[in-house]
file model_2.txt (compact mmCIF, C-alpha atoms)
# COMPACT_ATOMS: atom_id res chain seq x y z
CA ALA T 1 -87.96 -33.21 44.11
CA LEU T 2 -84.28 -33.98 43.32
CA PRO T 3 -82.49 -36.67 45.32
CA LEU T 4 -79.91 -35.14 47.56
CA SER T 5 -76.76 -37.18 48.03
CA TYR T 6 -74.53 -34.42 49.45
CA VAL T 7 -75.12 -31.71 51.92
CA GLY T 8 -72.51 -29.05 52.46
CA ALA T 9 -71.11 -28.31 55.84
CA ASP T 10 -73.12 -25.12 56.01
CA GLY T 11 -76.36 -26.91 55.11
CA ASP T 12 -76.68 -25.30 51.72
CA ILE T 13 -78.91 -27.93 50.07
CA ALA T 14 -80.06 -25.61 47.29
CA ALA T 15 -76.52 -25.02 46.08
CA SER T 16 -75.90 -28.75 45.87
CA ALA T 17 -79.07 -29.28 43.92
CA ARG T 18 -78.19 -26.56 41.42
CA ALA T 19 -74.80 -28.09 40.96
CA ARG T 20 -76.31 -31.45 40.06
CA LYS T 21 -78.87 -29.91 37.73
CA HIS T 22 -76.29 -27.80 35.85
CA PRO T 23 -72.96 -29.62 36.07
CA GLU T 24 -71.31 -27.38 33.40
CA ARG T 25 -71.64 -24.32 35.59
CA PRO T 26 -69.33 -24.29 38.59
CA CYS T 27 -70.82 -23.46 41.82
CA PRO T 28 -70.01 -20.16 43.52
CA ALA T 29 -67.76 -21.93 46.01
CA ALA T 30 -65.66 -23.43 43.18
CA ARG T 31 -65.45 -20.12 41.43
CA GLU T 32 -64.27 -18.44 44.55
CA ALA T 33 -61.66 -21.16 45.09
CA ARG T 34 -60.34 -20.77 41.55
CA ALA T 35 -60.27 -16.99 41.88
CA GLY T 36 -58.23 -17.40 45.03
CA VAL T 37 -55.71 -19.58 43.23
CA VAL T 38 -55.41 -17.05 40.41
CA ARG T 39 -54.97 -14.24 42.89
CA ALA T 40 -52.32 -16.24 44.70
CA ARG T 41 -50.41 -16.92 41.44
CA GLY T 42 -50.63 -13.28 40.38
CA GLY T 43 -49.32 -12.18 43.73
CA ALA T 44 -46.37 -14.59 43.49
CA MET T 45 -45.46 -13.32 40.02
CA ARG T 46 -45.63 -9.72 41.19
CA LEU T 47 -43.47 -10.63 44.16
CA SER T 48 -40.82 -12.28 41.93
CA ARG T 49 -40.77 -9.23 39.64
CA LEU T 50 -40.27 -6.99 42.62
CA LEU T 51 -37.37 -9.17 43.76
CA TRP T 52 -35.62 -8.97 40.32
CA LEU T 53 -36.07 -5.20 40.01
CA PRO T 54 -33.36 -4.27 42.59
CA LEU T 55 -30.93 -6.66 40.95
CA LEU T 56 -31.38 -4.85 37.65
CA LEU T 57 -31.18 -1.40 39.17
CA ILE T 58 -27.87 -2.05 40.97
CA PRO T 59 -25.62 -2.39 37.82
CA LEU T 60 -27.56 0.34 36.04
CA GLY T 61 -26.91 2.65 38.92
CA GLY T 62 -23.23 1.72 38.89
CA VAL T 63 -22.91 2.58 35.20
CA LEU T 64 -24.65 5.90 35.69
CA ALA T 65 -22.46 6.71 38.67
CA TRP T 66 -19.29 5.85 36.69
CA ARG T 67 -20.35 8.10 33.84
CA ALA T 68 -21.13 10.88 36.22
CA MET T 69 -17.62 10.75 37.72
CA PRO T 70 -15.21 13.48 36.48
CA PRO T 71 -12.38 12.27 34.16
CA ALA T 72 -8.99 11.52 35.69
CA VAL T 73 -6.55 14.34 34.88
CA ALA T 74 -2.81 14.21 35.48
CA ILE T 75 -1.54 17.42 37.00
CA ALA T 76 1.95 18.69 36.18
CA GLN T 77 3.77 21.87 37.02
CA ALA T 78 4.27 24.23 34.08
CA THR T 79 7.89 25.06 33.23
CA THR T 80 9.60 27.21 30.60
CA GLY T 81 11.90 25.82 27.91
CA PRO T 82 13.29 26.51 24.44
CA ALA T 83 10.93 26.42 21.46
CA VAL T 84 12.29 24.65 18.38
CA GLU T 85 11.13 25.17 14.80
CA ALA T 86 11.94 21.85 13.17
CA ILE T 87 12.04 20.83 9.51
CA TYR T 88 11.67 17.11 8.82
CA ALA T 89 13.28 15.38 5.83
CA THR T 90 14.25 11.84 4.87
CA GLY T 91 17.33 10.61 3.07
CA SER T 92 20.17 8.08 3.02
CA VAL T 93 23.54 7.83 4.75
CA GLU T 94 26.61 7.27 2.56
CA PRO T 95 30.38 7.82 2.75
CA VAL T 96 31.73 11.25 1.88
CA HIS T 97 34.36 9.75 -0.44
CA MET T 98 32.86 7.02 -2.61
CA ALA T 99 33.14 5.99 -6.26
CA ARG T 100 30.78 3.86 -8.31
CA VAL T 101 32.67 1.48 -10.56
CA GLY T 102 31.17 -0.02 -13.71
CA PRO T 103 32.31 -1.65 -16.97
CA ALA T 104 33.63 0.35 -19.91
CA VAL T 105 32.11 -2.03 -22.49
CA ARG T 106 29.09 -4.32 -22.77
CA ALA T 107 30.07 -7.95 -22.19
CA ARG T 108 29.43 -11.03 -20.08
CA LEU T 109 30.94 -11.14 -16.59
CA VAL T 110 33.28 -14.15 -16.27
CA ALA T 111 35.10 -13.52 -12.95
CA VAL T 112 34.59 -11.50 -9.75
CA LEU T 113 37.92 -10.75 -8.04
CA ALA T 114 36.84 -8.65 -5.00
CA GLU T 115 34.33 -9.09 -2.20
CA GLU T 116 32.50 -6.67 0.09
CA GLY T 117 34.65 -5.39 2.94
CA GLN T 118 37.90 -6.08 1.10
CA ARG T 119 40.45 -3.26 0.90
CA VAL T 120 41.75 -2.63 -2.63
CA THR T 121 44.36 -0.36 -4.18
CA GLN T 122 44.17 1.88 -7.23
CA GLY T 123 44.33 -0.13 -10.45
CA GLN T 124 43.62 -3.47 -8.77
CA PRO T 125 41.38 -5.77 -10.91
CA LEU T 126 37.91 -6.16 -9.46
CA ALA T 127 36.24 -8.22 -12.21
CA ARG T 128 36.91 -9.64 -15.68
CA LEU T 129 34.65 -9.63 -18.73
CA ASP T 130 34.53 -12.02 -21.66
CA ASP T 131 37.26 -10.67 -24.01
CA ARG T 132 37.56 -13.46 -26.61
CA GLU T 133 36.22 -11.33 -29.44
CA ALA T 134 38.45 -8.41 -28.44
CA ARG T 135 41.52 -10.66 -28.41
CA ALA T 136 40.68 -11.88 -31.92
CA ARG T 137 40.47 -8.28 -33.15
CA LEU T 138 43.82 -7.52 -31.49
CA GLU T 139 45.49 -10.45 -33.23
CA GLU T 140 44.10 -9.31 -36.55
CA ALA T 141 45.35 -5.76 -35.98
CA GLU T 142 48.80 -7.02 -35.00
CA ALA T 143 49.00 -9.11 -38.16
CA ARG T 144 48.02 -6.16 -40.36
CA ALA T 145 50.56 -3.92 -38.65
CA GLY T 146 53.34 -6.50 -39.06
CA PHE T 147 52.61 -6.97 -42.76
CA ALA T 148 52.49 -3.22 -43.36
CA GLU T 149 55.82 -2.69 -41.59
CA GLU T 150 57.49 -5.44 -43.64
CA GLU T 151 56.11 -3.96 -46.85
CA ALA T 152 57.42 -0.52 -45.94
CA ALA T 153 60.88 -1.94 -45.18
CA ARG T 154 60.97 -3.76 -48.51
CA LEU T 155 60.01 -0.63 -50.41
CA ARG T 156 62.71 1.39 -48.66
CA THR T 157 65.23 -1.16 -49.90
CA LEU T 158 63.93 -0.85 -53.45
CA VAL T 159 64.05 2.95 -53.26
CA ALA T 160 67.68 2.77 -52.13
CA ARG T 161 68.43 0.71 -55.23
CA ASP T 162 66.43 3.09 -57.42
CA ILE T 163 64.02 0.28 -58.28
CA ALA T 164 60.90 1.83 -56.67
CA ALA T 165 59.70 5.38 -56.45
CA ARG T 166 60.07 7.40 -53.27
CA ALA T 167 56.33 8.15 -53.21
CA THR T 168 55.50 4.44 -53.09
CA ALA T 169 57.79 3.93 -50.11
CA ASP T 170 56.30 6.94 -48.27
CA ARG T 171 52.80 5.61 -48.83
CA ALA T 172 53.82 2.21 -47.47
CA GLU T 173 55.35 3.75 -44.36
CA SER T 174 52.20 5.77 -43.72
CA GLU T 175 50.05 2.64 -43.98
CA ALA T 176 52.41 0.81 -41.63
CA ARG T 177 52.10 3.54 -39.00
CA ALA T 178 48.27 3.48 -39.28
CA ALA T 179 48.20 -0.29 -38.88
CA ARG T 180 50.45 -0.09 -35.83
CA ALA T 181 48.22 2.59 -34.29
CA ALA T 182 45.16 0.37 -34.85
CA ALA T 183 46.94 -2.51 -33.10
CA VAL T 184 47.78 -0.29 -30.11
CA ALA T 185 44.17 0.87 -29.89
CA ALA T 186 42.97 -2.75 -29.99
CA ALA T 187 45.32 -3.58 -27.12
CA ARG T 188 43.95 -0.69 -25.08
CA ARG T 189 40.40 -1.75 -25.75
CA LEU T 190 41.31 -5.20 -24.52
CA ASP T 191 42.20 -3.68 -21.14
CA ASP T 192 38.64 -2.30 -20.92
CA TYR T 193 37.47 -5.85 -20.31
CA VAL T 194 39.10 -5.71 -16.88
CA VAL T 195 37.20 -3.66 -14.25
CA ARG T 196 39.76 -1.93 -12.00
CA ALA T 197 39.57 0.08 -8.77
CA PRO T 198 39.75 3.84 -9.48
CA ALA T 199 41.29 4.63 -6.07
CA ASP T 200 42.36 3.11 -2.79
CA GLY T 201 39.51 2.14 -0.50
CA VAL T 202 37.17 -0.55 0.75
CA VAL T 203 34.61 -2.42 -1.33
CA LEU T 204 31.48 -1.09 0.36
CA ARG T 205 29.05 -2.92 -1.90
CA ARG T 206 29.21 -5.47 -4.72
CA ASP T 207 26.44 -5.90 -7.25
CA ALA T 208 27.99 -8.33 -9.72
CA GLU T 209 27.51 -12.05 -10.35
CA VAL T 210 29.35 -14.30 -12.78
CA GLY T 211 27.37 -14.94 -15.96
CA GLU T 212 25.50 -11.63 -16.04
CA ILE T 213 25.51 -9.37 -19.10
CA VAL T 214 26.71 -5.98 -17.85
CA ASP T 215 26.62 -2.67 -19.67
CA VAL T 216 28.19 0.76 -19.26
CA PRO T 217 25.37 2.28 -17.12
CA ASN T 218 25.58 -0.57 -14.58
CA THR T 219 27.39 -0.11 -11.27
CA LEU T 220 29.24 -3.23 -10.17
CA PHE T 221 31.21 -1.98 -7.15
CA TRP T 222 31.07 0.89 -4.65
CA ILE T 223 34.59 1.83 -3.51
CA GLY T 224 35.20 4.27 -0.66
CA GLU T 225 36.04 4.77 2.99
CA PRO T 226 33.49 3.93 5.72
CA ARG T 227 34.38 7.17 7.57
CA PRO T 228 33.41 10.00 7.48
CA LEU T 229 29.73 9.69 6.62
CA ARG T 230 27.15 12.13 5.33
CA ALA T 231 23.38 12.13 5.07
CA THR T 232 21.86 13.23 1.80
CA VAL T 233 18.27 14.33 2.42
CA GLU T 234 15.50 15.79 0.28
CA VAL T 235 13.87 18.88 1.78
CA ASP T 236 10.46 20.06 0.64
CA GLU T 237 10.55 23.15 -1.57
CA GLU T 238 8.39 25.04 0.95
CA ASP T 239 11.02 24.57 3.68
CA ILE T 240 14.30 24.79 1.74
CA ALA T 241 14.41 28.59 2.14
CA ARG T 242 14.73 28.17 5.92
CA VAL T 243 17.71 25.80 5.69
CA GLN T 244 21.17 27.36 5.87
CA PRO T 245 24.70 25.86 5.99
CA GLY T 246 26.00 25.56 9.52
CA GLN T 247 22.62 24.86 11.13
CA ARG T 248 22.46 22.09 13.69
CA ALA T 249 20.53 18.94 12.83
CA LEU T 250 19.50 15.71 14.52
CA LEU T 251 19.60 12.36 12.76
CA ARG T 252 17.42 9.43 13.71
CA ALA T 253 17.78 5.92 12.27
CA ASP T 254 16.16 2.56 12.92
CA ALA T 255 19.59 1.14 13.71
CA PHE T 256 19.87 3.53 16.70
CA ALA T 257 16.42 3.34 18.25
CA GLY T 258 15.75 6.04 20.82
CA ARG T 259 18.92 8.00 19.96
CA ALA T 260 19.37 11.29 18.14
CA LEU T 261 22.77 11.75 16.48
CA PRO T 262 24.06 15.34 16.25
CA ALA T 263 24.89 16.66 12.78
CA GLU T 264 25.40 19.91 10.89
CA VAL T 265 24.22 21.18 7.50
CA SER T 266 27.38 21.24 5.36
CA HIS T 267 26.08 22.46 2.01
CA ILE T 268 22.93 22.81 -0.07
CA THR T 269 22.75 21.56 -3.64
CA PRO T 270 21.97 24.56 -5.89
CA ARG T 271 19.99 22.43 -8.34
CA GLY T 272 16.83 20.82 -7.01
CA ASP T 273 14.97 17.82 -8.35

call {"tool": "encode", "arguments": {"input": "model_2.txt", "output": "structure tokens"}}
result
Amino acid sequence: ALPLSYVGADGDIAASARARKHPERPCPAAREARAGVVRARGGAMRLSRLLWLPLLLIPLGGVLAWRAMPPAVAIAQATTGPAVEAIYATGSVEPVHMARVGPAVRARLVAVLAEEGQRVTQGQPLARLDDREARARLEEAEARAGFAEEEAARLRTLVARDIAARATADRAESEARAARAAAVAAARRLDDYVVRAPADGVVLRRDAEVGEIVDVPNTLFWIGEPRPLRATVEVDEEDIARVQPGQRALLRADAFAGRALPAEVSHITPRGD
């Protein structure tokens, strides 16, 4: 017989004895207690999940309801108005009367005599070029012309005294006239080293700095009047047939944001690009 040191409240002596004989096996009462704890934990977890489920369903339902709402549409009353067939083109605005002024010879720029915004008159110097070499050629031409003229005068004196032939004197006079013509041409070429205004107007733009080497194709000054203005635009070849002189036009520029300036088609260039 096994010694009994514990008797349960219900008098179950056999259960106590089995528990002492096989300690690794829990008794039915312990198993039931553990099962109750597990069931209690499982119930708490299910309860917490049930509490979180409404919190998740509320925003989901809000999103679905928002998507199901019809889109907001602004309602306006329909009215009738003119239909416009527009042709769009880009270009630049420039004065109607304007002249581009450049040098007549290739040389170094030594002086700028006019500034932007300055009013000038026809023939007024705008810039000067380095003319040292041209002045040397003029001096040489003047010296040749002077010598030829003196020689012709001397031969005329000899012809008058019947010392020299008339043909020699005629040849000398012809050479003197050629030398004088060369000197005059050299003086005119010297004036090409001064850039002058071709007409009265305002210096609209200056593109010249002292020390630069300028050539004939270069434009140094733009001379003209700031009013009136014209817009030169390039129209696509598919639309040019619908453009006619006298048609109304609207001009838009970044300088006049939100404004449309009225204009009129004045003429169409017969030669396209």

call {"tool": "closest_residue", "arguments": {"input": "model_2.txt", "among": "T:Ala231, T:Val265, T:Leu155, T:Leu138", "to": "T:Arg252", "atoms": "all atoms listed in the file"}}
result
T:Ala231

call {"tool": "residues_near_point", "arguments": {"input": "model_2.txt", "point": "(53.7, -0.9, -37.6)", "cutoff": "7 Å", "atoms": "all atoms listed in the file", "output": "JSON, numbers by chain"}}
result
{"T": [145, 146, 148, 149, 176, 177, 179, 180]}

call {"tool": "closest_residue", "arguments": {"input": "model_2.txt", "among": "T:Arg166, T:Arg137, T:Arg189, T:Arg156", "to": "T:Ala104", "atoms": "all atoms listed in the file"}}
result
T:Arg189

call {"tool": "atom_distance", "arguments": {"input": "model_2.txt", "atom1": "atom CA of T:Glu115", "atom2": "atom CA of T:Val233"}}
result
28.8 Å

call {"tool": "residues_around", "arguments": {"input": "model_2.txt", "residues": "T:Ala99", "least_positions_apart": "5", "cutoff": "8 Å", "atoms": "only C-alpha atoms", "output": "CSV table (one decimal) with C-alpha atoms, in the frame of the given file"}}
result
chain,number,residue,atom,x,y,z
T,198,PRO,CA,39.8,3.8,-9.5
T,222,TRP,CA,31.1,0.9,-4.6
T,223,ILE,CA,34.6,1.8,-3.5
T,224,GLY,CA,35.2,4.3,-0.7

call {"tool": "atom_distance", "arguments": {"input": "model_2.txt", "atom1": "atom CA of T:Glu238", "atom2": "atom CA of T:Ala86"}}
result
13.1 Å

call {"tool": "atom_distance", "arguments": {"input": "model_2.txt", "atom1": "atom CA of T:Arg196", "atom2": "atom CA of T:Ala183"}}
result
22.3 Å

call {"tool": "residues_around", "arguments": {"input": "model_2.txt", "residues": "T:Met98", "least_positions_apart": "4", "cutoff": "12 Å", "atoms": "all atoms listed in the file", "output": "ChimeraX atom specification"}}
result
/T:93-94,197-205,221-230

call {"tool": "residues_around", "arguments": {"input": "model_2.txt", "residues": "T:Pro217", "least_positions_apart": "6", "cutoff": "10 Å", "atoms": "all atoms listed in the file", "output": "PyMOL selection string"}}
result
chain T and resi 101-106

call {"tool": "closest_atom_pairs", "arguments": {"input": "model_2.txt", "of": "stretch 83-194 of chain T", "to": "stretch 207-213 of chain T", "cutoff": "12 Å", "atoms": "only C-alpha atoms", "output": "CSV"}}
result
residue,atom,partner,partner_atom,distance
T:Arg100,CA,T:Asp207,CA,10.7
T:Val101,CA,T:Asp207,CA,10.2
T:Gly102,CA,T:Ala208,CA,9.8
T:Pro103,CA,T:Ile213,CA,10.5
T:Val105,CA,T:Ile213,CA,10.4
T:Arg106,CA,T:Ile213,CA,7.2
T:Ala107,CA,T:Ile213,CA,5.7
T:Arg108,CA,T:Ile213,CA,4.4
T:Leu109,CA,T:Val210,CA,5.2
T:Val110,CA,T:Val210,CA,5.3
T:Ala111,CA,T:Val210,CA,5.8
T:Val112,CA,T:Val210,CA,6.7
T:Leu113,CA,T:Ala208,CA,10.4
T:Ala114,CA,T:Ala208,CA,10.0
T:Glu115,CA,T:Ala208,CA,9.9
T:Glu116,CA,T:Asp207,CA,9.5
T:Leu126,CA,T:Ala208,CA,10.2
T:Ala127,CA,T:Ala208,CA,8.6
T:Arg128,CA,T:Val210,CA,9.3
T:Leu129,CA,T:Ile213,CA,9.2
T:Asp130,CA,T:Gly211,CA,9.6

call {"tool": "closest_residue", "arguments": {"input": "model_2.txt", "among": "T:Arg242, T:Arg248, T:Arg188, T:Arg161", "to": "T:Ala134", "atoms": "all atoms listed in the file"}}
result
T:Arg188

call {"tool": "axis_aligned_box", "arguments": {"input": "model_2.txt", "around": "stretch 136-147 of chain T", "padding_each_side": "3 Å", "output": "JSON"}}
result
{"center_x": 46.9, "center_y": -7.9, "center_z": -37.1, "size_x": 18.9, "size_y": 14.0, "size_z": 17.3}

call {"tool": "decode", "arguments": {"input": "model_2.txt", "residues": "stretch 249-269 of chain T", "atoms": "N, CA, C and O atoms", "output": "PDB file, in the first residue's frame"}}
result
ATOM      1  N   ALA T 249      -5.861  90.843 -86.475  1.00  0.00           N
ATOM      2  CA  ALA T 249      -4.965  89.941 -85.745  1.00  0.00           C
ATOM      3  C   ALA T 249      -4.855  90.424 -84.306  1.00  0.00           C
ATOM      4  O   ALA T 249      -5.150  91.584 -83.987  1.00  0.00           O
ATOM      5  N   LEU T 250      -4.461  89.520 -83.448  1.00  0.00           N
ATOM      6  CA  LEU T 250      -4.237  89.821 -82.035  1.00  0.00           C
ATOM      7  C   LEU T 250      -2.808  89.446 -81.688  1.00  0.00           C
ATOM      8  O   LEU T 250      -2.344  88.357 -82.033  1.00  0.00           O
ATOM      9  N   LEU T 251      -2.118  90.359 -81.017  1.00  0.00           N
ATOM     10  CA  LEU T 251      -0.729  90.142 -80.629  1.00  0.00           C
ATOM     11  C   LEU T 251      -0.659  89.957 -79.124  1.00  0.00           C
ATOM     12  O   LEU T 251      -1.280  90.715 -78.363  1.00  0.00           O
ATOM     13  N   ARG T 252       0.082  88.961 -78.718  1.00  0.00           N
ATOM     14  CA  ARG T 252       0.329  88.715 -77.301  1.00  0.00           C
ATOM     15  C   ARG T 252       1.836  88.669 -77.073  1.00  0.00           C
ATOM     16  O   ARG T 252       2.566  88.068 -77.856  1.00  0.00           O
ATOM     17  N   ALA T 253       2.267  89.329 -75.982  1.00  0.00           N
ATOM     18  CA  ALA T 253       3.692  89.383 -75.647  1.00  0.00           C
ATOM     19  C   ALA T 253       3.845  89.213 -74.149  1.00  0.00           C
ATOM     20  O   ALA T 253       2.939  89.530 -73.364  1.00  0.00           O
ATOM     21  N   ASP T 254       5.014  88.692 -73.754  1.00  0.00           N
ATOM     22  CA  ASP T 254       5.281  88.513 -72.324  1.00  0.00           C
ATOM     23  C   ASP T 254       5.321  89.847 -71.591  1.00  0.00           C
ATOM     24  O   ASP T 254       5.040  89.907 -70.392  1.00  0.00           O
ATOM     25  N   ALA T 255       5.673  90.912 -72.301  1.00  0.00           N
ATOM     26  CA  ALA T 255       5.729  92.221 -71.650  1.00  0.00           C
ATOM     27  C   ALA T 255       4.346  92.748 -71.283  1.00  0.00           C
ATOM     28  O   ALA T 255       4.214  93.609 -70.412  1.00  0.00           O
ATOM     29  N   PHE T 256       3.293  92.244 -71.963  1.00  0.00           N
ATOM     30  CA  PHE T 256       1.919  92.665 -71.674  1.00  0.00           C
ATOM     31  C   PHE T 256       1.115  91.428 -71.308  1.00  0.00           C
ATOM     32  O   PHE T 256       0.294  90.948 -72.106  1.00  0.00           O
ATOM     33  N   ALA T 257       1.375  90.892 -70.146  1.00  0.00           N
ATOM     34  CA  ALA T 257       0.710  89.660 -69.709  1.00  0.00           C
ATOM     35  C   ALA T 257      -0.789  89.901 -69.557  1.00  0.00           C
ATOM     36  O   ALA T 257      -1.227  90.892 -68.971  1.00  0.00           O
ATOM     37  N   GLY T 258      -1.569  88.969 -70.114  1.00  0.00           N
ATOM     38  CA  GLY T 258      -3.015  89.053 -69.989  1.00  0.00           C
ATOM     39  C   GLY T 258      -3.674  90.041 -70.928  1.00  0.00           C
ATOM     40  O   GLY T 258      -4.885  90.272 -70.825  1.00  0.00           O
ATOM     41  N   ARG T 259      -2.920  90.655 -71.849  1.00  0.00           N
ATOM     42  CA  ARG T 259      -3.483  91.620 -72.782  1.00  0.00           C
ATOM     43  C   ARG T 259      -3.285  91.144 -74.214  1.00  0.00           C
ATOM     44  O   ARG T 259      -2.293  90.505 -74.539  1.00  0.00           O
ATOM     45  N   ALA T 260      -4.269  91.449 -75.052  1.00  0.00           N
ATOM     46  CA  ALA T 260      -4.183  91.148 -76.477  1.00  0.00           C
ATOM     47  C   ALA T 260      -4.218  92.472 -77.232  1.00  0.00           C
ATOM     48  O   ALA T 260      -5.187  93.235 -77.120  1.00  0.00           O
ATOM     49  N   LEU T 261      -3.174  92.769 -77.982  1.00  0.00           N
ATOM     50  CA  LEU T 261      -3.061  94.034 -78.699  1.00  0.00           C
ATOM     51  C   LEU T 261      -3.640  93.866 -80.098  1.00  0.00           C
ATOM     52  O   LEU T 261      -3.275  92.927 -80.822  1.00  0.00           O
ATOM     53  N   PRO T 262      -4.555  94.756 -80.517  1.00  0.00           N
ATOM     54  CA  PRO T 262      -5.134  94.622 -81.860  1.00  0.00           C
ATOM     55  C   PRO T 262      -4.124  94.982 -82.941  1.00  0.00           C
ATOM     56  O   PRO T 262      -3.294  95.875 -82.772  1.00  0.00           O
ATOM     57  N   ALA T 263      -4.191  94.286 -84.061  1.00  0.00           N
ATOM     58  CA  ALA T 263      -3.287  94.536 -85.186  1.00  0.00           C
ATOM     59  C   ALA T 263      -4.012  94.169 -86.473  1.00  0.00           C
ATOM     60  O   ALA T 263      -5.168  93.707 -86.458  1.00  0.00           O
ATOM     61  N   GLU T 264      -3.322  94.382 -87.584  1.00  0.00           N
ATOM     62  CA  GLU T 264      -3.898  94.106 -88.901  1.00  0.00           C
ATOM     63  C   GLU T 264      -2.795  93.605 -89.823  1.00  0.00           C
ATOM     64  O   GLU T 264      -1.658  94.093 -89.766  1.00  0.00           O
ATOM     65  N   VAL T 265      -3.130  92.640 -90.666  1.00  0.00           N
ATOM     66  CA  VAL T 265      -2.168  92.096 -91.625  1.00  0.00           C
ATOM     67  C   VAL T 265      -1.948  93.149 -92.709  1.00  0.00           C
ATOM     68  O   VAL T 265      -2.872  93.505 -93.444  1.00  0.00           O
ATOM     69  N   SER T 266      -0.729  93.668 -92.818  1.00  0.00           N
ATOM     70  CA  SER T 266      -0.435  94.727 -93.784  1.00  0.00           C
ATOM     71  C   SER T 266      -0.025  94.158 -95.140  1.00  0.00           C
ATOM     72  O   SER T 266      -0.536  94.579 -96.176  1.00  0.00           O
ATOM     73  N   HIS T 267       0.885  93.212 -95.164  1.00  0.00           N
ATOM     74  CA  HIS T 267       1.294  92.615 -96.420  1.00  0.00           C
ATOM     75  C   HIS T 267       1.898  91.248 -96.165  1.00  0.00           C
ATOM     76  O   HIS T 267       2.275  90.926 -95.027  1.00  0.00           O
ATOM     77  N   ILE T 268       2.001  90.475 -97.210  1.00  0.00           N
ATOM     78  CA  ILE T 268       2.533  89.105 -97.155  1.00  0.00           C
ATOM     79  C   ILE T 268       3.749  89.056 -98.069  1.00  0.00           C
ATOM     80  O   ILE T 268       3.676  89.450 -99.239  1.00  0.00           O
ATOM     81  N   THR T 269       4.849  88.562 -97.568  1.00  0.00           N
ATOM     82  CA  THR T 269       6.059  88.452 -98.363  1.00  0.00           C
ATOM     83  C   THR T 269       5.859  87.409 -99.456  1.00  0.00           C
ATOM     84  O   THR T 269       5.486  86.261 -99.169  1.00  0.00           O
TER      85      THR T 269
END
